[in-house]
$ cat final_20.pdb   # PDB, C-alpha atoms
ATOM      1  CA  MET A   1       1.700 -23.647  -5.934
ATOM      2  CA  PRO A   2       1.045 -19.926  -5.275
ATOM      3  CA  LEU A   3      -2.012 -18.363  -6.890
ATOM      4  CA  LEU A   4       0.181 -15.685  -8.478
ATOM      5  CA  ASP A   5       3.834 -16.343  -9.262
ATOM      6  CA  VAL A   6       5.966 -13.520 -10.691
ATOM      7  CA  GLN A   7       9.436 -14.772 -11.592
ATOM      8  CA  THR A   8      12.340 -12.451 -12.540
ATOM      9  CA  VAL A   9      10.314 -10.313 -14.939
ATOM     10  CA  SER A  10      12.038  -7.429 -16.701
ATOM     11  CA  LYS A  11      10.812  -4.765 -19.089
ATOM     12  CA  THR A  12      12.667  -2.048 -20.983
ATOM     13  CA  TYR A  13      11.337   0.811 -23.080
ATOM     14  CA  ARG A  14      12.956   2.963 -25.727
ATOM     15  CA  LYS A  15      12.215   6.653 -25.276
ATOM     16  CA  ARG A  16      10.380   8.374 -28.093
ATOM     17  CA  LYS A  17      12.565  10.458 -30.406
ATOM     18  CA  SER A  18      15.620   8.976 -28.699
ATOM     19  CA  ASN A  19      17.726   5.832 -28.679
ATOM     20  CA  GLU A  20      17.885   5.872 -24.892
ATOM     21  CA  VAL A  21      16.687   2.623 -23.296
ATOM     22  CA  VAL A  22      14.923   2.812 -19.937
ATOM     23  CA  LYS A  23      14.767  -0.278 -17.730
ATOM     24  CA  ALA A  24      11.334   0.042 -16.079
ATOM     25  CA  VAL A  25      11.383  -3.364 -14.336
ATOM     26  CA  ASP A  26      14.552  -5.295 -13.555
ATOM     27  CA  GLY A  27      14.167  -8.882 -12.311
ATOM     28  CA  VAL A  28      11.062  -8.496 -10.128
ATOM     29  CA  SER A  29       9.992 -11.683  -8.314
ATOM     30  CA  PHE A  30       7.283 -12.354  -5.741
ATOM     31  CA  ALA A  31       4.470 -14.817  -5.094
ATOM     32  CA  VAL A  32       0.966 -14.477  -3.668
ATOM     33  CA  GLU A  33      -0.794 -17.310  -1.868
ATOM     34  CA  GLY A  34      -4.547 -17.866  -1.954
ATOM     35  CA  GLY A  35      -6.497 -15.803   0.576
ATOM     36  CA  GLU A  36      -3.827 -13.124   1.038
ATOM     37  CA  ILE A  37      -4.301  -9.356   0.957
ATOM     38  CA  LEU A  38      -1.047  -8.072  -0.501
ATOM     39  CA  GLY A  39       0.026  -4.446  -0.756
ATOM     40  CA  LEU A  40       2.009  -3.752  -3.946
ATOM     41  CA  LEU A  41       3.748  -0.442  -3.343
ATOM     42  CA  GLY A  42       6.281   1.862  -4.902
ATOM     43  CA  PRO A  43       6.945   5.549  -5.509
ATOM     44  CA  ASN A  44       6.123   7.142  -8.863
ATOM     45  CA  GLY A  45       8.403   5.801 -11.592
ATOM     46  CA  ALA A  46       9.441   2.752  -9.551
ATOM     47  CA  GLY A  47       8.154   0.166 -12.048
ATOM     48  CA  LYS A  48       4.988  -0.712 -10.146
ATOM     49  CA  THR A  49       2.538   0.209 -12.913
ATOM     50  CA  THR A  50       4.554  -1.719 -15.498
ATOM     51  CA  THR A  51       4.535  -4.752 -13.177
ATOM     52  CA  ILE A  52       0.757  -4.470 -12.771
ATOM     53  CA  LYS A  53       0.254  -4.291 -16.528
ATOM     54  CA  MET A  54       2.435  -7.383 -17.023
ATOM     55  CA  ILE A  55       0.398  -9.290 -14.409
ATOM     56  CA  CYS A  56      -2.788  -8.329 -16.267
ATOM     57  CA  SER A  57      -1.255  -9.391 -19.634
ATOM     58  CA  LEU A  58      -1.574  -5.848 -20.988
ATOM     59  CA  ILE A  59       2.125  -5.799 -21.864
ATOM     60  CA  ARG A  60       4.584  -8.614 -22.435
ATOM     61  CA  PRO A  61       7.733  -8.897 -20.291
ATOM     62  CA  ASP A  62      11.094  -8.994 -22.069
ATOM     63  CA  ARG A  63      12.266 -11.749 -19.717
ATOM     64  CA  GLY A  64      10.834 -13.876 -16.934
ATOM     65  CA  HIS A  65       7.351 -15.281 -16.611
ATOM     66  CA  ILE A  66       4.109 -14.807 -14.681
ATOM     67  CA  SER A  67       1.627 -17.552 -13.844
ATOM     68  CA  ILE A  68      -1.867 -17.213 -12.410
ATOM     69  CA  ASN A  69      -3.255 -20.369 -10.847
ATOM     70  CA  THR A  70      -0.415 -22.285 -12.612
ATOM     71  CA  PHE A  71      -1.309 -20.901 -16.091
ATOM     72  CA  ASP A  72       1.391 -18.861 -17.850
ATOM     73  CA  ASN A  73      -0.206 -15.500 -18.574
ATOM     74  CA  GLN A  74       1.458 -15.230 -21.991
ATOM     75  CA  ARG A  75       1.473 -18.771 -23.399
ATOM     76  CA  GLN A  76      -1.900 -19.616 -21.751
ATOM     77  CA  ARG A  77      -3.298 -16.098 -21.638
ATOM     78  CA  LEU A  78      -7.036 -16.807 -21.788
ATOM     79  CA  LYS A  79      -6.861 -19.576 -19.186
ATOM     80  CA  SER A  80      -4.843 -17.386 -16.807
ATOM     81  CA  LEU A  81      -7.163 -14.375 -17.234
ATOM     82  CA  ARG A  82     -10.122 -16.469 -16.090
ATOM     83  CA  HIS A  83      -8.597 -16.312 -12.621
ATOM     84  CA  ILE A  84      -7.937 -12.553 -12.330
ATOM     85  CA  SER A  85     -10.016  -9.390 -12.499
ATOM     86  CA  ALA A  86      -8.707  -5.858 -12.090
ATOM     87  CA  VAL A  87      -9.762  -2.276 -11.479
ATOM     88  CA  LEU A  88      -7.011  -0.060 -12.904
ATOM     89  CA  GLU A  89      -6.661   3.570 -11.843
ATOM     90  CA  GLY A  90      -6.677   6.007 -14.750
ATOM     91  CA  ASN A  91      -8.539   3.548 -17.013
ATOM     92  CA  ARG A  92     -12.205   3.687 -17.876
ATOM     93  CA  ASN A  93     -13.387   0.572 -16.087
ATOM     94  CA  LEU A  94     -17.080   1.245 -16.819
ATOM     95  CA  TYR A  95     -19.336   2.372 -19.675
ATOM     96  CA  TRP A  96     -20.641   5.803 -18.725
ATOM     97  CA  ARG A  97     -23.722   5.731 -20.982
ATOM     98  CA  MET A  98     -24.988   2.517 -19.414
ATOM     99  CA  SER A  99     -26.724   2.172 -16.070
ATOM    100  CA  VAL A 100     -25.238   0.547 -12.979
ATOM    101  CA  LYS A 101     -27.178  -2.682 -13.554
ATOM    102  CA  GLU A 102     -26.396  -2.712 -17.285
ATOM    103  CA  ASN A 103     -22.662  -2.413 -16.583
ATOM    104  CA  LEU A 104     -22.788  -5.416 -14.276
ATOM    105  CA  GLU A 105     -24.722  -7.458 -16.853
ATOM    106  CA  TYR A 106     -22.461  -6.383 -19.726
ATOM    107  CA  PHE A 107     -19.161  -7.251 -18.067
ATOM    108  CA  ALA A 108     -20.588 -10.533 -16.774
ATOM    109  CA  GLY A 109     -21.522 -11.303 -20.377
ATOM    110  CA  ASN A 110     -17.921 -10.639 -21.411
ATOM    111  CA  ARG A 111     -16.997 -13.456 -19.054
ATOM    112  CA  GLY A 112     -19.470 -15.779 -20.760
ATOM    113  CA  LYS A 113     -22.202 -15.483 -18.117
ATOM    114  CA  SER A 114     -25.880 -15.061 -19.006
ATOM    115  CA  ARG A 115     -28.139 -12.430 -17.407
ATOM    116  CA  ALA A 116     -30.207 -15.136 -15.756
ATOM    117  CA  SER A 117     -27.167 -16.783 -14.160
ATOM    118  CA  VAL A 118     -25.921 -13.540 -12.558
ATOM    119  CA  LYS A 119     -29.270 -11.975 -11.619
ATOM    120  CA  LYS A 120     -29.079 -13.088  -7.984
ATOM    121  CA  ASP A 121     -25.386 -12.182  -7.662
ATOM    122  CA  ILE A 122     -26.041  -8.706  -9.079
ATOM    123  CA  GLY A 123     -28.734  -8.117  -6.487
ATOM    124  CA  THR A 124     -26.394  -9.248  -3.712
ATOM    125  CA  LEU A 125     -23.549  -7.032  -4.933
ATOM    126  CA  LEU A 126     -25.788  -3.983  -5.333
ATOM    127  CA  GLU A 127     -26.879  -4.431  -1.739
ATOM    128  CA  GLN A 128     -23.348  -5.153  -0.462
ATOM    129  CA  PHE A 129     -21.914  -2.080  -2.209
ATOM    130  CA  ARG A 130     -24.898   0.102  -1.242
ATOM    131  CA  LEU A 131     -25.858   0.762  -4.855
ATOM    132  CA  THR A 132     -29.379  -0.707  -4.895
ATOM    133  CA  ASP A 133     -31.082   2.691  -5.172
ATOM    134  CA  LYS A 134     -28.721   3.583  -8.048
ATOM    135  CA  ARG A 135     -29.257   0.425 -10.087
ATOM    136  CA  ASP A 136     -30.929   2.300 -12.980
ATOM    137  CA  GLU A 137     -28.738   5.416 -12.762
ATOM    138  CA  LEU A 138     -26.364   6.181 -15.633
ATOM    139  CA  VAL A 139     -22.726   5.793 -14.595
ATOM    140  CA  SER A 140     -22.031   9.321 -15.889
ATOM    141  CA  ASN A 141     -24.288  10.643 -13.118
ATOM    142  CA  LEU A 142     -22.530   8.778 -10.298
ATOM    143  CA  SER A 143     -20.119  10.365  -7.857
ATOM    144  CA  ARG A 144     -16.486   9.252  -8.016
ATOM    145  CA  GLY A 145     -16.975   7.138  -4.894
ATOM    146  CA  MET A 146     -20.023   5.344  -6.278
ATOM    147  CA  GLY A 147     -18.263   4.798  -9.596
ATOM    148  CA  GLN A 148     -15.296   3.255  -7.777
ATOM    149  CA  LYS A 149     -17.581   0.956  -5.806
ATOM    150  CA  LEU A 150     -19.354  -0.117  -9.012
ATOM    151  CA  ALA A 151     -16.022  -0.894 -10.697
ATOM    152  CA  MET A 152     -15.133  -3.076  -7.705
ATOM    153  CA  ALA A 153     -18.541  -4.785  -7.869
ATOM    154  CA  VAL A 154     -17.918  -5.566 -11.559
ATOM    155  CA  ALA A 155     -14.590  -7.155 -10.598
ATOM    156  CA  MET A 156     -16.282  -9.185  -7.858
ATOM    157  CA  LEU A 157     -19.024 -10.387 -10.213
ATOM    158  CA  ALA A 158     -16.369 -11.976 -12.416
ATOM    159  CA  GLY A 159     -15.934 -14.535  -9.633
ATOM    160  CA  THR A 160     -12.160 -14.730 -10.071
ATOM    161  CA  ASP A 161      -9.770 -16.098  -7.468
ATOM    162  CA  LEU A 162      -7.541 -13.001  -7.661
ATOM    163  CA  VAL A 163      -8.643  -9.358  -7.669
ATOM    164  CA  LEU A 164      -6.151  -6.571  -8.403
ATOM    165  CA  LEU A 165      -7.164  -3.077  -7.296
ATOM    166  CA  ASP A 166      -5.066  -0.104  -8.398
ATOM    167  CA  GLU A 167      -5.535   2.918  -6.081
ATOM    168  CA  PRO A 168      -9.012   1.861  -4.851
ATOM    169  CA  THR A 169      -9.341   4.869  -2.501
ATOM    170  CA  LEU A 170      -7.768   7.583  -4.685
ATOM    171  CA  GLY A 171      -9.845  10.767  -4.779
ATOM    172  CA  LEU A 172     -12.470   9.467  -2.366
ATOM    173  CA  ASP A 173     -13.719  11.463   0.597
ATOM    174  CA  VAL A 174     -12.865  10.161   4.062
ATOM    175  CA  GLU A 175     -16.235   8.489   4.677
ATOM    176  CA  THR A 176     -16.308   6.691   1.308
ATOM    177  CA  GLY A 177     -12.665   5.691   1.752
ATOM    178  CA  TYR A 178     -13.514   3.957   5.022
ATOM    179  CA  GLU A 179     -16.545   2.326   3.375
ATOM    180  CA  VAL A 180     -14.317   0.914   0.597
ATOM    181  CA  ARG A 181     -11.885  -0.432   3.215
ATOM    182  CA  GLU A 182     -14.717  -2.237   4.963
ATOM    183  CA  LEU A 183     -15.892  -3.707   1.653
ATOM    184  CA  LEU A 184     -12.385  -4.990   0.937
ATOM    185  CA  ARG A 185     -12.262  -6.561   4.386
ATOM    186  CA  GLN A 186     -15.566  -8.363   3.700
ATOM    187  CA  ILE A 187     -14.350  -9.535   0.291
ATOM    188  CA  SER A 188     -11.232 -10.987   1.883
ATOM    189  CA  LYS A 189     -13.329 -12.900   4.406
ATOM    190  CA  GLU A 190     -15.158 -14.495   1.475
ATOM    191  CA  GLY A 191     -11.855 -16.140   0.514
ATOM    192  CA  ARG A 192     -10.798 -13.878  -2.354
ATOM    193  CA  THR A 193      -7.136 -13.026  -2.878
ATOM    194  CA  ILE A 194      -6.597  -9.281  -3.204
ATOM    195  CA  ILE A 195      -3.651  -7.239  -4.445
ATOM    196  CA  ILE A 196      -3.912  -3.564  -3.551
ATOM    197  CA  SER A 197      -1.652  -1.082  -5.305
ATOM    198  CA  THR A 198      -1.884   2.246  -3.498
ATOM    199  CA  HIS A 199      -0.182   5.332  -2.117
ATOM    200  CA  ASP A 200      -2.705   5.364   0.748
ATOM    201  CA  MET A 201      -0.520   3.924   3.514
ATOM    202  CA  PRO A 202      -3.289   3.744   6.165
ATOM    203  CA  VAL A 203      -5.098   1.344   3.797
ATOM    204  CA  VAL A 204      -2.001  -0.878   3.691
ATOM    205  CA  GLN A 205      -1.573  -0.810   7.459
ATOM    206  CA  ASP A 206      -5.273  -1.463   8.040
ATOM    207  CA  LEU A 207      -5.878  -4.215   5.452
ATOM    208  CA  CYS A 208      -2.706  -5.826   4.134
ATOM    209  CA  GLU A 209      -1.009  -8.745   5.847
ATOM    210  CA  ARG A 210       2.056  -8.460   3.618
ATOM    211  CA  THR A 211       3.632  -5.933   1.296
ATOM    212  CA  VAL A 212       5.948  -5.974  -1.713
ATOM    213  CA  ILE A 213       7.712  -2.652  -2.293
ATOM    214  CA  ILE A 214       9.221  -1.925  -5.701
ATOM    215  CA  ASN A 215      11.724   0.857  -6.288
ATOM    216  CA  GLN A 216      13.959   1.646  -9.247
ATOM    217  CA  GLY A 217      12.652  -1.411 -11.073
ATOM    218  CA  HIS A 218      13.362  -4.073  -8.458
ATOM    219  CA  VAL A 219      11.877  -5.459  -5.236
ATOM    220  CA  VAL A 220      13.149  -3.591  -2.189
ATOM    221  CA  VAL A 221      11.117  -5.434   0.450
ATOM    222  CA  ASP A 222       8.841  -8.481   0.569
ATOM    223  CA  ASP A 223       7.648  -8.989   4.124
ATOM    224  CA  LYS A 224       4.703  -8.922   6.506
ATOM    225  CA  VAL A 225       3.466  -5.466   7.464
ATOM    226  CA  SER A 226       3.688  -6.392  11.162
ATOM    227  CA  ASN A 227       7.359  -7.376  10.766
ATOM    228  CA  LEU A 228       8.197  -4.085   9.055
ATOM    229  CA  LEU A 229       6.435  -2.070  11.741
ATOM    230  CA  LYS A 230       8.371  -3.974  14.378
ATOM    231  CA  LEU A 231      11.644  -3.482  12.496
ATOM    232  CA  PHE A 232      11.208   0.270  12.487
ATOM    233  CA  GLU A 233       9.530   0.525  15.870
ATOM    234  CA  THR A 234      10.702   3.860  17.134
ATOM    235  CA  ARG A 235      12.769   4.383  20.245
ATOM    236  CA  ALA A 236      12.116   8.112  20.134
ATOM    237  CA  TYR A 237      10.762   9.720  23.274
ATOM    238  CA  THR A 238       9.376  13.232  23.640
ATOM    239  CA  VAL A 239       9.969  14.826  27.037
ATOM    240  CA  THR A 240       8.101  17.984  28.092
ATOM    241  CA  LEU A 241      10.317  20.121  30.337
ATOM    242  CA  GLY A 242       9.427  22.845  32.816
ATOM    243  CA  LYS A 243      12.283  25.108  31.716
ATOM    244  CA  SER A 244      14.886  25.503  28.993
ATOM    245  CA  LEU A 245      18.017  23.384  28.778
ATOM    246  CA  SER A 246      21.383  24.918  29.481
ATOM    247  CA  VAL A 247      24.214  25.117  26.946
ATOM    248  CA  SER A 248      26.019  22.398  28.883
ATOM    249  CA  GLN A 249      22.987  20.098  28.766
ATOM    250  CA  HIS A 250      22.610  20.684  25.009
ATOM    251  CA  HIS A 251      26.217  19.662  24.516
ATOM    252  CA  LEU A 252      25.867  16.519  26.656
ATOM    253  CA  LEU A 253      22.660  15.453  24.866
ATOM    254  CA  HIS A 254      24.154  15.790  21.390
ATOM    255  CA  GLN A 255      27.240  13.971  22.575
ATOM    256  CA  SER A 256      25.282  11.092  24.127
ATOM    257  CA  PHE A 257      22.443  10.445  21.663
ATOM    258  CA  PRO A 258      22.278  10.154  17.849
ATOM    259  CA  VAL A 259      19.142  12.287  17.313
ATOM    260  CA  VAL A 260      18.083  15.211  19.475
ATOM    261  CA  ASN A 261      15.451  17.841  18.698
ATOM    262  CA  VAL A 262      14.487  20.668  21.012
ATOM    263  CA  GLY A 263      11.379  22.828  20.599
ATOM    264  CA  SER A 264       8.636  24.690  22.421
ATOM    265  CA  ASP A 265       5.192  23.567  23.529
ATOM    266  CA  GLU A 266       2.977  26.243  21.979
ATOM    267  CA  ARG A 267      -0.046  25.160  23.986
ATOM    268  CA  ASP A 268       1.407  27.073  26.927
ATOM    269  CA  GLY A 269       2.652  30.116  25.080
ATOM    270  CA  GLY A 270       5.967  28.493  24.274
ATOM    271  CA  GLU A 271       7.114  28.580  27.899
ATOM    272  CA  LYS A 272       7.526  24.833  28.182
ATOM    273  CA  LYS A 273      10.244  23.108  26.178
ATOM    274  CA  THR A 274      10.060  19.745  24.431
ATOM    275  CA  LEU A 275      12.967  17.410  23.931
ATOM    276  CA  THR A 276      12.825  14.518  21.437
ATOM    277  CA  VAL A 277      15.609  11.982  21.759
ATOM    278  CA  ASN A 278      16.305   8.492  20.400
ATOM    279  CA  LEU A 279      17.094   6.001  23.156
ATOM    280  CA  GLU A 280      18.667   3.087  21.303
ATOM    281  CA  HIS A 281      19.604   1.062  24.399
ATOM    282  CA  GLY A 282      17.680   0.322  27.573
ATOM    283  CA  GLU A 283      20.254   2.019  29.795
ATOM    284  CA  ASP A 284      20.068   5.260  27.754
ATOM    285  CA  ILE A 285      17.096   6.399  29.825
ATOM    286  CA  TYR A 286      19.391   6.676  32.854
ATOM    287  CA  LYS A 287      21.862   8.816  30.900
ATOM    288  CA  LEU A 288      19.028  11.117  29.886
ATOM    289  CA  MET A 289      17.764  11.400  33.468
ATOM    290  CA  ASP A 290      21.285  12.191  34.738
ATOM    291  CA  ILE A 291      21.678  15.021  32.206
ATOM    292  CA  LEU A 292      18.337  16.536  33.160
ATOM    293  CA  ARG A 293      18.922  16.058  36.891
ATOM    294  CA  SER A 294      22.347  17.742  36.701
ATOM    295  CA  GLU A 295      20.644  21.139  36.607
ATOM    296  CA  GLU A 296      17.351  20.114  38.218
ATOM    297  CA  THR A 297      15.368  20.492  34.972
ATOM    298  CA  PRO A 298      11.695  19.720  35.764
ATOM    299  CA  ILE A 299      10.178  16.808  33.795
ATOM    300  CA  GLU A 300       6.434  17.129  33.206
ATOM    301  CA  THR A 301       5.682  14.300  30.729
ATOM    302  CA  ILE A 302       7.478  11.518  28.848
ATOM    303  CA  ASP A 303       5.750  10.068  25.770
ATOM    304  CA  ARG A 304       6.895   7.392  23.347
ATOM    305  CA  ALA A 305       6.440   8.251  19.666
ATOM    306  CA  VAL A 306       4.320   5.841  17.589
ATOM    307  CA  ILE A 307       5.410   4.868  14.088
ATOM    308  CA  ASN A 308       2.985   4.242  11.222
ATOM    309  CA  PHE A 309       3.402   2.423   7.924
ATOM    310  CA  GLU A 310       3.843   5.622   5.931
ATOM    311  CA  GLN A 311       6.983   6.320   7.968
ATOM    312  CA  VAL A 312       8.170   2.742   7.385
ATOM    313  CA  PHE A 313       7.621   3.084   3.630
ATOM    314  CA  ARG A 314       9.522   6.371   3.443
ATOM    315  CA  LYS A 315      12.415   4.991   5.493
ATOM    316  CA  LEU A 316      12.694   1.876   3.335
ATOM    317  CA  ILE A 317      12.660   3.858   0.085
ATOM    318  CA  SER A 318      15.182   6.443   1.315
ATOM    319  CA  LYS A 319      17.367   3.697   2.801
ATOM    320  CA  GLU A 320      17.347   1.696  -0.455
ATOM    321  CA  ALA A 321      18.105   4.796  -2.496
ATOM    322  CA  ALA A 322      21.061   5.637  -0.233
ATOM    323  CA  THR A 323      22.539   2.143   0.207
ATOM    324  CA  GLY A 324      21.152   0.043  -2.658
ATOM    325  CA  GLU A 325      20.224  -2.773  -0.242
ATOM    326  CA  THR A 326      18.364  -5.644  -1.854
ATOM    327  CA  ALA A 327      15.099  -7.224  -0.751
ATOM    328  CA  GLU A 328      17.066 -10.179   0.621
ATOM    329  CA  GLU A 329      19.190  -7.890   2.778
ATOM    330  CA  ASN A 330      16.080  -6.160   4.090
ATOM    331  CA  ARG A 331      14.526  -9.544   4.965
ATOM    332  CA  VAL A 332      17.666 -10.429   6.924
ATOM    333  CA  LEU A 333      17.361  -7.118   8.797
ATOM    334  CA  ALA A 334      13.766  -7.960   9.642
TER     335      ALA A 334
END

$ encode --input "final_20.pdb" --output "structure tokens"
Amino acid sequence: MPLLDVQTVSKTYRKRKSNEVVKAVDGVSFAVEGGEILGLLGPNGAGKTTTIKMICSLIRPDRGHISINTFDNQRQRLKSLRHISAVLEGNRNLYWRMSVKENLEYFAGNRGKSRASVKKDIGTLLEQFRLTDKRDELVSNLSRGMGQKLAMAVAMLAGTDLVLLDEPTLGLDVETGYEVRELLRQISKEGRTIIISTHDMPVVQDLCERTVIINQGHVVVDDKVSNLLKLFETRAYTVTLGKSLSVSQHHLLHQSFPVVNVGSDERDGGEKKTLTVNLEHGEDIYKLMDILRSEETPIETIDRAVINFEQVFRKLISKEAATGETAEENRVLA
């Protein structure tokens, strides 16, 4: 059995001062196995936040069910919540008038743990999250980055199998963002299952093995990050030319290839021209060379463009919006 099992959950809301019904989530299904790092993604208004709140039992789905470690999170709510902890963006996850150490002790107590039983774990977490010298500092005096790390430490102290982190790097400076990534990597190695909900695509590409993308209330994609990168691996090449293309060459390029962009290389005063072209088939490179050779256009460099996960995400969302392809169709494409 998966550690988290989300089965065809749906949720509708009625707008205030209106009879209009909005379907926020429409039949979302996915499962998370123990030990995974899953990216749960979606643009604003896609239904991702509603899905997160249903997983955490903060709202009740209209249809479908969610189980955590086999316990239904509505009918067996308390038993299921023993296996999940969460840090939700936009929520006050800490008590600002308490110190770092007091927050850890307080939230451990909410889980039924005594101060004595968590004393050693608190010391370990303070050291791991580099908060030892701030142990007696009021949370209200902490930087955003330190506050985020403390909220994560509180979630870790709960000792749950599943940890859900909503925008763990939002608003952090670059250095702290990288520090949080490294902490998440260490936590994963300890055997924890992590769900990361984020708009920070480098975090997904760096940490997540698999991603579930939600858009317009339903799952668009459920696949490994490596598979999605491979699916959208670009065949675009940028060629730096020693002189401008002729009108005839422009015509032949647009006739032969689906995407062609021509610009200038400003590093040399705009004298050199750049040509970006998609070569969909192996033999297309010969067509390109023939067009350039026809007027003896000098070729200085040829570079292959590299795709990142942010580009993949944007392509999937725009593709789904344009065609309405389902997650199953996207898996077949992969």

$ residues_around --input "final_20.pdb" --residues "Met146 in chain A" --least-positions-apart "6" --cutoff "9 Å" --atoms "all atoms listed in the file" --output "PyMOL selection string"
chain A and resi 129-131+139+176

$ closest_residue --input "final_20.pdb" --among "A:Ser114, A:Asn69, A:Gln128, A:Thr49" --to "Gly34 in chain A" --atoms "all atoms listed in the file"
A:Asn69

$ atom_distance --input "final_20.pdb" --atom1 "CA of Val219 in chain A" --atom2 "CA of Gly27 in chain A"
8.2 Å

$ resolve_selection --input "final_20.pdb" --expression "the PyMOL selection byres ((chain A and resi 305) around 8)" --output "ChimeraX atom specification"
/A:234-238,303-304,306-307

$ resolve_selection --input "final_20.pdb" --expression "the PyMOL selection byres ((chain A and resi 193-199) around 10)" --output "PyMOL selection string"
chain A and resi 3-4+32-44+48-49+52+84-89+160-170+184-185+187-192+200-204+207-208+210-213+310+313

$ residues_around --input "final_20.pdb" --residues "Lys101 in chain A" --least-positions-apart "3" --cutoff "9 Å" --atoms "all atoms listed in the file" --output "VMD selection string"
chain A and resid 98 104 to 106 122 126 134 to 137

$ residues_around --input "final_20.pdb" --residues "range 14-24 of chain A" --least-positions-apart "2" --cutoff "7 Å" --atoms "all atoms listed in the file" --output "PyMOL selection string"
chain A and resi 11-12+26+47+217

$ residues_around --input "final_20.pdb" --residues "Ile285 in chain A" --least-positions-apart "5" --cutoff "12 Å" --atoms "all atoms listed in the file" --output "ChimeraX atom specification"
/A:235-237,239,253,256-257,277-280,290-292,302

$ closest_residue --input "final_20.pdb" --among "A:Ser80, A:Thr50, A:Asn261, A:Gln74" --to "Thr240 in chain A" --atoms "only C-alpha atoms"
A:Asn261

$ atom_distance --input "final_20.pdb" --atom1 "CA of Gln255 in chain A" --atom2 "CA of Leu288 in chain A"
11.4 Å

$ closest_residue --input "final_20.pdb" --among "A:Leu150, A:Val9, A:Val25, A:Leu172" --to "Asn103 in chain A" --atoms "all atoms listed in the file"
A:Leu150

$ closest_residue --input "final_20.pdb" --among "A:Ser67, A:Val221, A:Leu231, A:Leu142" --to "Tyr95 in chain A" --atoms "only C-alpha atoms"
A:Leu142

$ axis_aligned_box --input "final_20.pdb" --around "range 59-70 of chain A" --padding-each-side "3 Å" --output "AutoDock Vina command-line options"
--center_x 4.5 --center_y -14.0 --center_z -16.6 --size_x 21.5 --size_y 22.5 --size_z 17.6

$ atom_distance --input "final_20.pdb" --atom1 "CA of Asp72 in chain A" --atom2 "CA of Asp5 in chain A"
9.3 Å

$ residues_near_point --input "final_20.pdb" --point "(8.1, -0.4, 8.7)" --cutoff "6 Å" --atoms "all atoms listed in the file" --output "JSON, numbers by chain"
{"A": [228, 229, 232, 309, 312]}

$ build_atoms --input "final_20.pdb" --residues "range 249-259 of chain A" --atoms "N, CA, C and O atoms" --output "PDB file, in the coordinates of the input"
ATOM      1  N   GLN A 249      23.888  21.229  28.975  1.00  0.00           N
ATOM      2  CA  GLN A 249      22.987  20.098  28.766  1.00  0.00           C
ATOM      3  C   GLN A 249      22.815  19.798  27.265  1.00  0.00           C
ATOM      4  O   GLN A 249      22.785  18.635  26.863  1.00  0.00           O
ATOM      5  N   HIS A 250      22.683  20.863  26.465  1.00  0.00           N
ATOM      6  CA  HIS A 250      22.610  20.684  25.009  1.00  0.00           C
ATOM      7  C   HIS A 250      23.814  19.912  24.505  1.00  0.00           C
ATOM      8  O   HIS A 250      23.691  18.963  23.726  1.00  0.00           O
ATOM      9  N   HIS A 251      24.978  20.298  24.949  1.00  0.00           N
ATOM     10  CA  HIS A 251      26.217  19.662  24.516  1.00  0.00           C
ATOM     11  C   HIS A 251      26.238  18.184  24.920  1.00  0.00           C
ATOM     12  O   HIS A 251      26.576  17.310  24.109  1.00  0.00           O
ATOM     13  N   LEU A 252      25.863  17.899  26.167  1.00  0.00           N
ATOM     14  CA  LEU A 252      25.867  16.519  26.656  1.00  0.00           C
ATOM     15  C   LEU A 252      24.859  15.651  25.893  1.00  0.00           C
ATOM     16  O   LEU A 252      25.132  14.486  25.588  1.00  0.00           O
ATOM     17  N   LEU A 253      23.676  16.212  25.587  1.00  0.00           N
ATOM     18  CA  LEU A 253      22.660  15.453  24.866  1.00  0.00           C
ATOM     19  C   LEU A 253      23.123  15.086  23.459  1.00  0.00           C
ATOM     20  O   LEU A 253      22.994  13.943  23.025  1.00  0.00           O
ATOM     21  N   HIS A 254      23.681  16.058  22.746  1.00  0.00           N
ATOM     22  CA  HIS A 254      24.154  15.790  21.390  1.00  0.00           C
ATOM     23  C   HIS A 254      25.354  14.844  21.384  1.00  0.00           C
ATOM     24  O   HIS A 254      25.574  14.107  20.425  1.00  0.00           O
ATOM     25  N   GLN A 255      26.089  14.852  22.454  1.00  0.00           N
ATOM     26  CA  GLN A 255      27.240  13.971  22.575  1.00  0.00           C
ATOM     27  C   GLN A 255      26.816  12.545  22.910  1.00  0.00           C
ATOM     28  O   GLN A 255      27.478  11.572  22.515  1.00  0.00           O
ATOM     29  N   SER A 256      25.696  12.405  23.611  1.00  0.00           N
ATOM     30  CA  SER A 256      25.282  11.092  24.127  1.00  0.00           C
ATOM     31  C   SER A 256      24.305  10.351  23.226  1.00  0.00           C
ATOM     32  O   SER A 256      24.259   9.116  23.251  1.00  0.00           O
ATOM     33  N   PHE A 257      23.516  11.083  22.426  1.00  0.00           N
ATOM     34  CA  PHE A 257      22.443  10.445  21.663  1.00  0.00           C
ATOM     35  C   PHE A 257      22.525  10.837  20.190  1.00  0.00           C
ATOM     36  O   PHE A 257      22.920  11.954  19.867  1.00  0.00           O
ATOM     37  N   PRO A 258      22.124   9.903  19.285  1.00  0.00           N
ATOM     38  CA  PRO A 258      22.278  10.154  17.849  1.00  0.00           C
ATOM     39  C   PRO A 258      21.334  11.213  17.286  1.00  0.00           C
ATOM     40  O   PRO A 258      21.672  11.912  16.347  1.00  0.00           O
ATOM     41  N   VAL A 259      20.118  11.326  17.836  1.00  0.00           N
ATOM     42  CA  VAL A 259      19.142  12.287  17.313  1.00  0.00           C
ATOM     43  C   VAL A 259      18.540  13.062  18.466  1.00  0.00           C
ATOM     44  O   VAL A 259      17.979  12.477  19.390  1.00  0.00           O
TER      45      VAL A 259
END
